[in-house]
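**Student:** Below you'll find run_22.pdb; it's PDB, C-alpha atoms, pLDDT in the B column.
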ATOM      1  CA  MET A   1     103.439 -58.282  67.883  1.00 46.00           C
ATOM      2  CA  LEU A   2     105.476 -58.005  64.665  1.00 40.00           C
ATOM      3  CA  ARG A   3     108.373 -56.600  66.644  1.00 45.00           C
ATOM      4  CA  ARG A   4     108.335 -59.597  68.986  1.00 44.00           C
ATOM      5  CA  LEU A   5     108.167 -62.059  66.079  1.00 40.00           C
ATOM      6  CA  LEU A   6     111.169 -60.369  64.490  1.00 40.00           C
ATOM      7  CA  ALA A   7     113.007 -60.570  67.800  1.00 41.00           C
ATOM      8  CA  VAL A   8     112.327 -64.314  68.014  1.00 39.00           C
ATOM      9  CA  GLY A   9     113.554 -64.790  64.453  1.00 42.00           C
ATOM     10  CA  ALA A  10     116.696 -62.822  65.184  1.00 38.00           C
ATOM     11  CA  LEU A  11     117.353 -64.902  68.288  1.00 38.00           C
ATOM     12  CA  VAL A  12     117.118 -68.159  66.339  1.00 37.00           C
ATOM     13  CA  LEU A  13     119.359 -66.831  63.568  1.00 35.00           C
ATOM     14  CA  VAL A  14     121.952 -65.619  66.051  1.00 34.00           C
ATOM     15  CA  SER A  15     121.934 -68.982  67.789  1.00 35.00           C
ATOM     16  CA  ALA A  16     122.326 -70.752  64.456  1.00 35.00           C
ATOM     17  CA  SER A  17     124.947 -68.515  62.908  1.00 32.00           C
ATOM     18  CA  ALA A  18     127.035 -67.806  65.980  1.00 32.00           C
ATOM     19  CA  ALA A  19     125.109 -71.083  67.326  1.00 34.00           C
ATOM     20  CA  ASN A  20     122.012 -78.744  76.443  1.00 41.00           C
ATOM     21  CA  ALA A  21     124.080 -80.948  77.768  1.00 44.00           C
ATOM     22  CA  GLN A  22     124.299 -82.982  74.635  1.00 53.00           C
ATOM     23  CA  ALA A  23     127.436 -85.140  74.686  1.00 59.00           C
ATOM     24  CA  TYR A  24     127.184 -87.341  71.568  1.00 71.00           C
ATOM     25  CA  ALA A  25     125.193 -87.996  68.373  1.00 79.00           C
ATOM     26  CA  TYR A  26     121.631 -87.850  69.712  1.00 91.00           C
ATOM     27  CA  PRO A  27     118.893 -85.198  69.924  1.00 93.00           C
ATOM     28  CA  ALA A  28     119.006 -82.958  72.981  1.00 94.00           C
ATOM     29  CA  PHE A  29     115.336 -83.815  73.791  1.00 96.00           C
ATOM     30  CA  GLN A  30     114.900 -80.343  75.311  1.00 96.00           C
ATOM     31  CA  PRO A  31     111.331 -79.035  74.814  1.00 96.00           C
ATOM     32  CA  SER A  32     110.483 -75.333  74.728  1.00 97.00           C
ATOM     33  CA  ARG A  33     109.382 -75.251  78.376  1.00 96.00           C
ATOM     34  CA  ILE A  34     111.702 -76.064  81.246  1.00 94.00           C
ATOM     35  CA  ALA A  35     110.786 -78.711  83.801  1.00 92.00           C
ATOM     36  CA  GLU A  36     110.389 -78.387  87.535  1.00 91.00           C
ATOM     37  CA  ARG A  37     111.555 -81.994  87.744  1.00 94.00           C
ATOM     38  CA  GLU A  38     111.793 -84.631  85.022  1.00 96.00           C
ATOM     39  CA  TYR A  39     113.358 -88.032  84.357  1.00 97.00           C
ATOM     40  CA  ASN A  40     113.753 -88.721  80.635  1.00 98.00           C
ATOM     41  CA  PHE A  41     114.605 -92.171  79.245  1.00 98.00           C
ATOM     42  CA  ALA A  42     115.738 -92.057  75.604  1.00 98.00           C
ATOM     43  CA  LEU A  43     116.763 -94.312  72.726  1.00 97.00           C
ATOM     44  CA  ALA A  44     118.523 -92.782  69.707  1.00 96.00           C
ATOM     45  CA  ASP A  45     120.000 -94.031  66.427  1.00 94.00           C
ATOM     46  CA  GLY A  46     122.935 -92.072  65.016  1.00 88.00           C
ATOM     47  CA  GLY A  47     123.808 -94.206  61.967  1.00 85.00           C
ATOM     48  CA  ASP A  48     127.555 -94.989  62.058  1.00 82.00           C
ATOM     49  CA  PHE A  49     127.624 -93.378  65.528  1.00 81.00           C
ATOM     50  CA  GLY A  50     125.466 -96.277  66.688  1.00 88.00           C
ATOM     51  CA  THR A  51     122.566 -96.700  69.067  1.00 93.00           C
ATOM     52  CA  ALA A  52     122.550 -94.672  72.274  1.00 94.00           C
ATOM     53  CA  LEU A  53     120.706 -95.418  75.514  1.00 97.00           C
ATOM     54  CA  LEU A  54     120.355 -92.281  77.575  1.00 96.00           C
ATOM     55  CA  PHE A  55     119.018 -91.068  80.912  1.00 98.00           C
ATOM     56  CA  GLN A  56     118.391 -87.344  81.437  1.00 97.00           C
ATOM     57  CA  TRP A  57     117.552 -85.693  84.735  1.00 97.00           C
ATOM     58  CA  ARG A  58     116.108 -82.182  84.584  1.00 96.00           C
ATOM     59  CA  GLU A  59     115.708 -80.266  87.829  1.00 95.00           C
ATOM     60  CA  GLY A  60     114.458 -76.766  88.604  1.00 93.00           C
ATOM     61  CA  LEU A  61     116.622 -74.485  90.719  1.00 89.00           C
ATOM     62  CA  GLY A  62     113.877 -72.876  92.790  1.00 85.00           C
ATOM     63  CA  ASN A  63     113.630 -70.138  90.178  1.00 87.00           C
ATOM     64  CA  PRO A  64     110.761 -70.968  87.739  1.00 89.00           C
ATOM     65  CA  LYS A  65     112.959 -69.865  84.834  1.00 95.00           C
ATOM     66  CA  LEU A  66     116.095 -71.946  85.569  1.00 96.00           C
ATOM     67  CA  GLN A  67     116.750 -75.677  85.081  1.00 97.00           C
ATOM     68  CA  LEU A  68     119.747 -77.975  85.453  1.00 96.00           C
ATOM     69  CA  THR A  69     120.170 -80.950  83.091  1.00 96.00           C
ATOM     70  CA  PHE A  70     122.317 -84.051  83.539  1.00 97.00           C
ATOM     71  CA  ASP A  71     122.923 -86.710  80.845  1.00 96.00           C
ATOM     72  CA  ALA A  72     124.307 -90.227  81.357  1.00 97.00           C
ATOM     73  CA  GLY A  73     124.302 -93.206  79.040  1.00 96.00           C
ATOM     74  CA  PHE A  74     126.068 -95.485  76.600  1.00 95.00           C
ATOM     75  CA  ALA A  75     126.453 -95.626  72.810  1.00 93.00           C
ATOM     76  CA  ASP A  76     127.395 -98.584  70.614  1.00 91.00           C
ATOM     77  CA  PRO A  77     129.008 -97.142  67.453  1.00 87.00           C
ATOM     78  CA  ASP A  78     129.724 -99.263  64.377  1.00 83.00           C
ATOM     79  CA  ASN A  79     133.221-100.799  64.316  1.00 79.00           C
ATOM     80  CA  ALA A  80     134.203 -99.296  67.683  1.00 80.00           C
ATOM     81  CA  ASP A  81     133.998 -99.985  71.406  1.00 86.00           C
ATOM     82  CA  THR A  82     131.039 -98.968  73.553  1.00 92.00           C
ATOM     83  CA  ARG A  83     131.210 -95.302  74.585  1.00 93.00           C
ATOM     84  CA  LEU A  84     130.352 -93.745  77.935  1.00 96.00           C
ATOM     85  CA  ILE A  85     128.276 -90.543  77.727  1.00 95.00           C
ATOM     86  CA  LEU A  86     128.194 -87.863  80.435  1.00 96.00           C
ATOM     87  CA  GLY A  87     126.973 -84.269  80.314  1.00 95.00           C
ATOM     88  CA  GLY A  88     125.527 -81.356  82.211  1.00 95.00           C
ATOM     89  CA  GLY A  89     123.909 -78.073  81.310  1.00 96.00           C
ATOM     90  CA  LEU A  90     121.744 -75.105  82.207  1.00 97.00           C
ATOM     91  CA  ALA A  91     118.492 -73.921  80.621  1.00 97.00           C
ATOM     92  CA  TYR A  92     116.724 -70.568  81.000  1.00 98.00           C
ATOM     93  CA  GLN A  93     113.081 -69.843  80.099  1.00 97.00           C
ATOM     94  CA  LEU A  94     113.370 -66.631  78.115  1.00 97.00           C
ATOM     95  CA  THR A  95     109.669 -66.295  77.217  1.00 96.00           C
ATOM     96  CA  ARG A  96     106.374 -68.146  77.672  1.00 95.00           C
ATOM     97  CA  SER A  97     103.689 -68.020  74.992  1.00 95.00           C
ATOM     98  CA  SER A  98     100.936 -65.445  75.450  1.00 93.00           C
ATOM     99  CA  SER A  99      98.414 -63.462  73.416  1.00 90.00           C
ATOM    100  CA  GLU A 100     101.237 -61.137  72.386  1.00 90.00           C
ATOM    101  CA  MET A 101     104.086 -63.671  72.072  1.00 92.00           C
ATOM    102  CA  PRO A 102     103.105 -66.976  70.403  1.00 95.00           C
ATOM    103  CA  PHE A 103     106.323 -68.841  71.218  1.00 97.00           C
ATOM    104  CA  ASP A 104     107.928 -70.471  74.224  1.00 98.00           C
ATOM    105  CA  ILE A 105     111.698 -69.894  74.102  1.00 98.00           C
ATOM    106  CA  VAL A 106     114.399 -71.613  76.155  1.00 98.00           C
ATOM    107  CA  LEU A 107     118.101 -70.774  76.034  1.00 98.00           C
ATOM    108  CA  ALA A 108     120.196 -73.906  76.666  1.00 97.00           C
ATOM    109  CA  GLY A 109     123.919 -74.566  76.911  1.00 96.00           C
ATOM    110  CA  GLY A 110     126.190 -77.101  78.503  1.00 94.00           C
ATOM    111  CA  LEU A 111     129.202 -79.375  78.501  1.00 95.00           C
ATOM    112  CA  GLY A 112     129.202 -82.943  77.149  1.00 94.00           C
ATOM    113  CA  PHE A 113     131.796 -85.704  77.323  1.00 92.00           C
ATOM    114  CA  SER A 114     132.051 -89.151  75.737  1.00 92.00           C
ATOM    115  CA  THR A 115     134.884 -91.666  75.815  1.00 92.00           C
ATOM    116  CA  GLY A 116     135.704 -95.122  74.483  1.00 87.00           C
ATOM    117  CA  ASP A 117     138.098 -96.947  72.141  1.00 81.00           C
ATOM    118  CA  ASP A 118     140.938 -94.553  73.133  1.00 85.00           C
ATOM    119  CA  VAL A 119     138.971 -91.587  71.721  1.00 87.00           C
ATOM    120  CA  THR A 120     137.617 -88.772  73.909  1.00 92.00           C
ATOM    121  CA  ILE A 121     135.135 -86.193  72.611  1.00 90.00           C
ATOM    122  CA  LEU A 122     134.326 -82.933  74.411  1.00 94.00           C
ATOM    123  CA  ARG A 123     131.325 -80.876  73.270  1.00 93.00           C
ATOM    124  CA  ILE A 124     130.205 -77.378  74.318  1.00 95.00           C
ATOM    125  CA  PRO A 125     126.828 -76.574  72.677  1.00 94.00           C
ATOM    126  CA  PHE A 126     124.698 -73.445  73.005  1.00 96.00           C
ATOM    127  CA  GLY A 127     121.411 -72.533  71.331  1.00 97.00           C
ATOM    128  CA  ALA A 128     117.717 -71.729  71.654  1.00 98.00           C
ATOM    129  CA  VAL A 129     114.614 -73.928  71.750  1.00 98.00           C
ATOM    130  CA  VAL A 130     111.524 -72.369  70.156  1.00 98.00           C
ATOM    131  CA  GLY A 131     108.085 -73.995  70.273  1.00 98.00           C
ATOM    132  CA  HIS A 132     104.421 -73.719  71.195  1.00 97.00           C
ATOM    133  CA  ARG A 133     102.063 -75.875  73.288  1.00 97.00           C
ATOM    134  CA  PHE A 134      98.714 -76.882  71.745  1.00 97.00           C
ATOM    135  CA  ASP A 135      95.972 -78.337  73.970  1.00 95.00           C
ATOM    136  CA  LEU A 136      94.153 -81.365  72.532  1.00 96.00           C
ATOM    137  CA  GLU A 137      90.945 -83.142  73.499  1.00 92.00           C
ATOM    138  CA  GLY A 138      91.011 -85.647  76.332  1.00 90.00           C
ATOM    139  CA  GLY A 139      93.612 -83.782  78.366  1.00 88.00           C
ATOM    140  CA  TYR A 140      96.399 -84.391  75.870  1.00 96.00           C
ATOM    141  CA  ALA A 141      98.732 -81.715  74.482  1.00 97.00           C
ATOM    142  CA  ILE A 142     101.440 -81.468  71.831  1.00 98.00           C
ATOM    143  CA  SER A 143     104.361 -79.047  71.719  1.00 98.00           C
ATOM    144  CA  PRO A 144     106.334 -78.933  68.438  1.00 98.00           C
ATOM    145  CA  PHE A 145     109.787 -77.355  68.784  1.00 98.00           C
ATOM    146  CA  VAL A 146     112.992 -76.531  66.933  1.00 98.00           C
ATOM    147  CA  HIS A 147     116.387 -76.293  68.609  1.00 97.00           C
ATOM    148  CA  PRO A 148     119.206 -74.650  66.593  1.00 97.00           C
ATOM    149  CA  ARG A 149     122.588 -74.582  68.309  1.00 95.00           C
ATOM    150  CA  LEU A 150     126.284 -74.172  67.691  1.00 95.00           C
ATOM    151  CA  SER A 151     128.625 -76.749  69.225  1.00 92.00           C
ATOM    152  CA  TYR A 152     132.363 -76.547  69.795  1.00 94.00           C
ATOM    153  CA  ASN A 153     133.778 -80.082  69.571  1.00 91.00           C
ATOM    154  CA  ARG A 154     137.198 -81.305  70.675  1.00 92.00           C
ATOM    155  CA  THR A 155     138.424 -84.816  69.807  1.00 90.00           C
ATOM    156  CA  ASP A 156     141.497 -86.364  71.465  1.00 92.00           C
ATOM    157  CA  ALA A 157     142.880 -89.727  70.300  1.00 87.00           C
ATOM    158  CA  ASP A 158     146.155 -91.601  70.397  1.00 82.00           C
ATOM    159  CA  THR A 159     147.000 -90.728  66.799  1.00 83.00           C
ATOM    160  CA  PHE A 160     145.400 -87.287  66.347  1.00 80.00           C
ATOM    161  CA  ASP A 161     143.746 -84.290  67.984  1.00 89.00           C
ATOM    162  CA  ASP A 162     141.112 -82.147  66.305  1.00 90.00           C
ATOM    163  CA  SER A 163     138.618 -79.390  67.089  1.00 92.00           C
ATOM    164  CA  ASP A 164     135.835 -77.763  65.109  1.00 91.00           C
ATOM    165  CA  THR A 165     132.551 -75.885  65.443  1.00 92.00           C
ATOM    166  CA  GLU A 166     129.394 -77.280  63.901  1.00 90.00           C
ATOM    167  CA  LEU A 167     125.787 -76.189  63.481  1.00 93.00           C
ATOM    168  CA  GLU A 168     123.034 -78.560  64.567  1.00 92.00           C
ATOM    169  CA  LEU A 169     119.236 -78.393  64.491  1.00 95.00           C
ATOM    170  CA  ASP A 170     116.758 -80.490  66.465  1.00 96.00           C
ATOM    171  CA  ILE A 171     113.213 -80.824  65.118  1.00 97.00           C
ATOM    172  CA  GLY A 172     110.786 -82.561  67.427  1.00 97.00           C
ATOM    173  CA  ALA A 173     107.578 -82.677  69.410  1.00 98.00           C
ATOM    174  CA  ASN A 174     106.564 -83.365  72.999  1.00 98.00           C
ATOM    175  CA  PHE A 175     103.300 -85.354  73.404  1.00 98.00           C
ATOM    176  CA  GLU A 176     101.770 -84.966  76.881  1.00 97.00           C
ATOM    177  CA  LEU A 177      99.880 -88.124  77.864  1.00 96.00           C
ATOM    178  CA  LYS A 178      99.193 -86.975  81.435  1.00 91.00           C
ATOM    179  CA  SER A 179     100.322 -84.089  83.599  1.00 87.00           C
ATOM    180  CA  ASN A 180     103.388 -86.091  84.616  1.00 92.00           C
ATOM    181  CA  MET A 181     104.076 -88.268  81.521  1.00 96.00           C
ATOM    182  CA  ALA A 182     105.089 -87.456  77.944  1.00 97.00           C
ATOM    183  CA  LEU A 183     106.495 -89.052  74.813  1.00 98.00           C
ATOM    184  CA  ARG A 184     109.155 -87.070  72.960  1.00 98.00           C
ATOM    185  CA  LEU A 185     110.197 -87.544  69.319  1.00 98.00           C
ATOM    186  CA  ALA A 186     113.153 -85.665  67.839  1.00 97.00           C
ATOM    187  CA  ALA A 187     115.674 -85.695  65.020  1.00 96.00           C
ATOM    188  CA  VAL A 188     118.986 -83.834  64.944  1.00 93.00           C
ATOM    189  CA  LEU A 189     120.360 -82.536  61.643  1.00 91.00           C
ATOM    190  CA  GLY A 190     124.037 -81.647  61.310  1.00 80.00           C
ATOM    191  CA  ASP A 191     127.393 -83.336  60.816  1.00 76.00           C
ATOM    192  CA  ALA A 192     126.048 -86.279  62.854  1.00 75.00           C
ATOM    193  CA  ASP A 193     122.369 -86.877  62.042  1.00 88.00           C
ATOM    194  CA  ALA A 194     120.316 -88.909  64.519  1.00 93.00           C
ATOM    195  CA  ILE A 195     116.732 -89.691  65.449  1.00 96.00           C
ATOM    196  CA  GLY A 196     115.356 -90.567  68.857  1.00 97.00           C
ATOM    197  CA  ILE A 197     112.362 -91.273  71.053  1.00 98.00           C
ATOM    198  CA  SER A 198     112.038 -90.807  74.788  1.00 98.00           C
ATOM    199  CA  PHE A 199     109.646 -91.186  77.705  1.00 98.00           C
ATOM    200  CA  ALA A 200     109.616 -88.275  80.162  1.00 97.00           C
ATOM    201  CA  TRP A 201     108.284 -88.825  83.672  1.00 96.00           C
ATOM    202  CA  THR A 202     107.773 -86.557  86.677  1.00 91.00           C
ATOM    203  CA  PRO A 203     107.064 -88.687  89.767  1.00 84.00           C
ATOM    204  CA  LYS A 204     104.068 -87.173  91.520  1.00 74.00           C
ATOM    205  CA  GLY A 205     105.450 -87.949  94.966  1.00 56.00           C
ATOM    206  CA  LEU A 206     108.598 -85.948  94.182  1.00 52.00           C
ATOM    207  CA  ARG A 207     106.938 -82.856  92.796  1.00 46.00           C
ATOM    208  CA  ARG A 208     107.319 -79.710  94.830  1.00 45.00           C
TER     209      ARG A 208
END
Would you write the structure of this file as structure tokens?
**Tutor:**
Amino acid sequence: MLRRLLAVGALVLVSASAANAQAYAYPAFQPSRIAEREYNFALADGGDFGTALLFQWREGLGNPKLQLTFDAGFADPDNADTRLILGGGLAYQLTRSSSEMPFDIVLAGGLGFSTGDDVTILRIPFGAVVGHRFDLEGGYAISPFVHPRLSYNRTDADTFDDSDTELELDIGANFELKSNMALRLAAVLGDADAIGISFAWTPKGLRR
């Protein structure tokens, strides 16, 4: 048990120190369990980076441990034109919580792209999501999670080009209202802080 806890801690530290398809200043909204199929509708506030409206589609790949993620949306930054957001990524369920391992762990990485106002930003993040699901009365459940990741960012503009690597951390929780509906709250801490809320839905008629 202690050995597994140390392994989880090492994994998080490696992800944070070496640190989804996150393409702009908003939380990744990736919980610690992958989805068989999910449509996530999100609203995020990134301060000077503006308000972002986002749609995320998460889809299993037939393997219960693999998931594809696609992001699409718009952001309205202060003193700049509206930005288009696009992204894609892959998630892998490394562990599920059990009597011996108390944490769910997902490895997630991807490629994100945003453009507008003659500025293009490319992001390549990779990290781990660590959390645990707690059953509540009335059929509800809550799953707190943390998501440390390292992101390589490339900015191309008319007057300059720049690239850097930054550390980010999502802190959030997934509130299950029904088996196919959930509310998700998250905040991202890093060079571009942001907070967000989303509604995640799995249409029953589309479930496998």
**Student:** So what do you get for CA of Ala141 (chain A) versus CA of Ala182 (chain A), distance-wise?
**Tutor:**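 Separating CA of Ala141 (chain A) from CA of Ala182 (chain A) is a distance of 9.2 Å.
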**Student:** Evaluating the PyMOL selection byres ((chain A and resi 34-42) around 7) on the displayed file yields which residues, as number ranges by chain?
**Tutor:** A: 32-33, 43-44, 53-60, 67, 93, 196-202, 207
**Student:** If I put a ball of radius 6 Å at (132.4, -93.6, 74.7) in the file's coordinates, which residues poke into it when counting only C-alpha atoms, written as a list in words?
**Tutor:** Thr82, Arg83, Leu84, Ile85, Ser114, Thr115 and Gly116 of chain A
**Student:** Using the chain letters and numbers from the file, give me the residues hit by the PyMOL selection byres ((chain A and resi 164-180) around 9), as a PyMOL selection string.
**Tutor:** chain A and resi 16-19+27-29+31+38+129+131+133+139-155+162-163+181-193+200-204
**Student:** For each of A:Phe134, A:Phe49, A:Tyr92, A:Phe74, take the minimum atom-to-atom distance to Gln30 (chain A), counting only C-alpha atoms, then give the residue where this is smallest.
**Tutor:**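 Ranked by minimum distance to Gln30 (chain A), first place goes to A:Tyr92.
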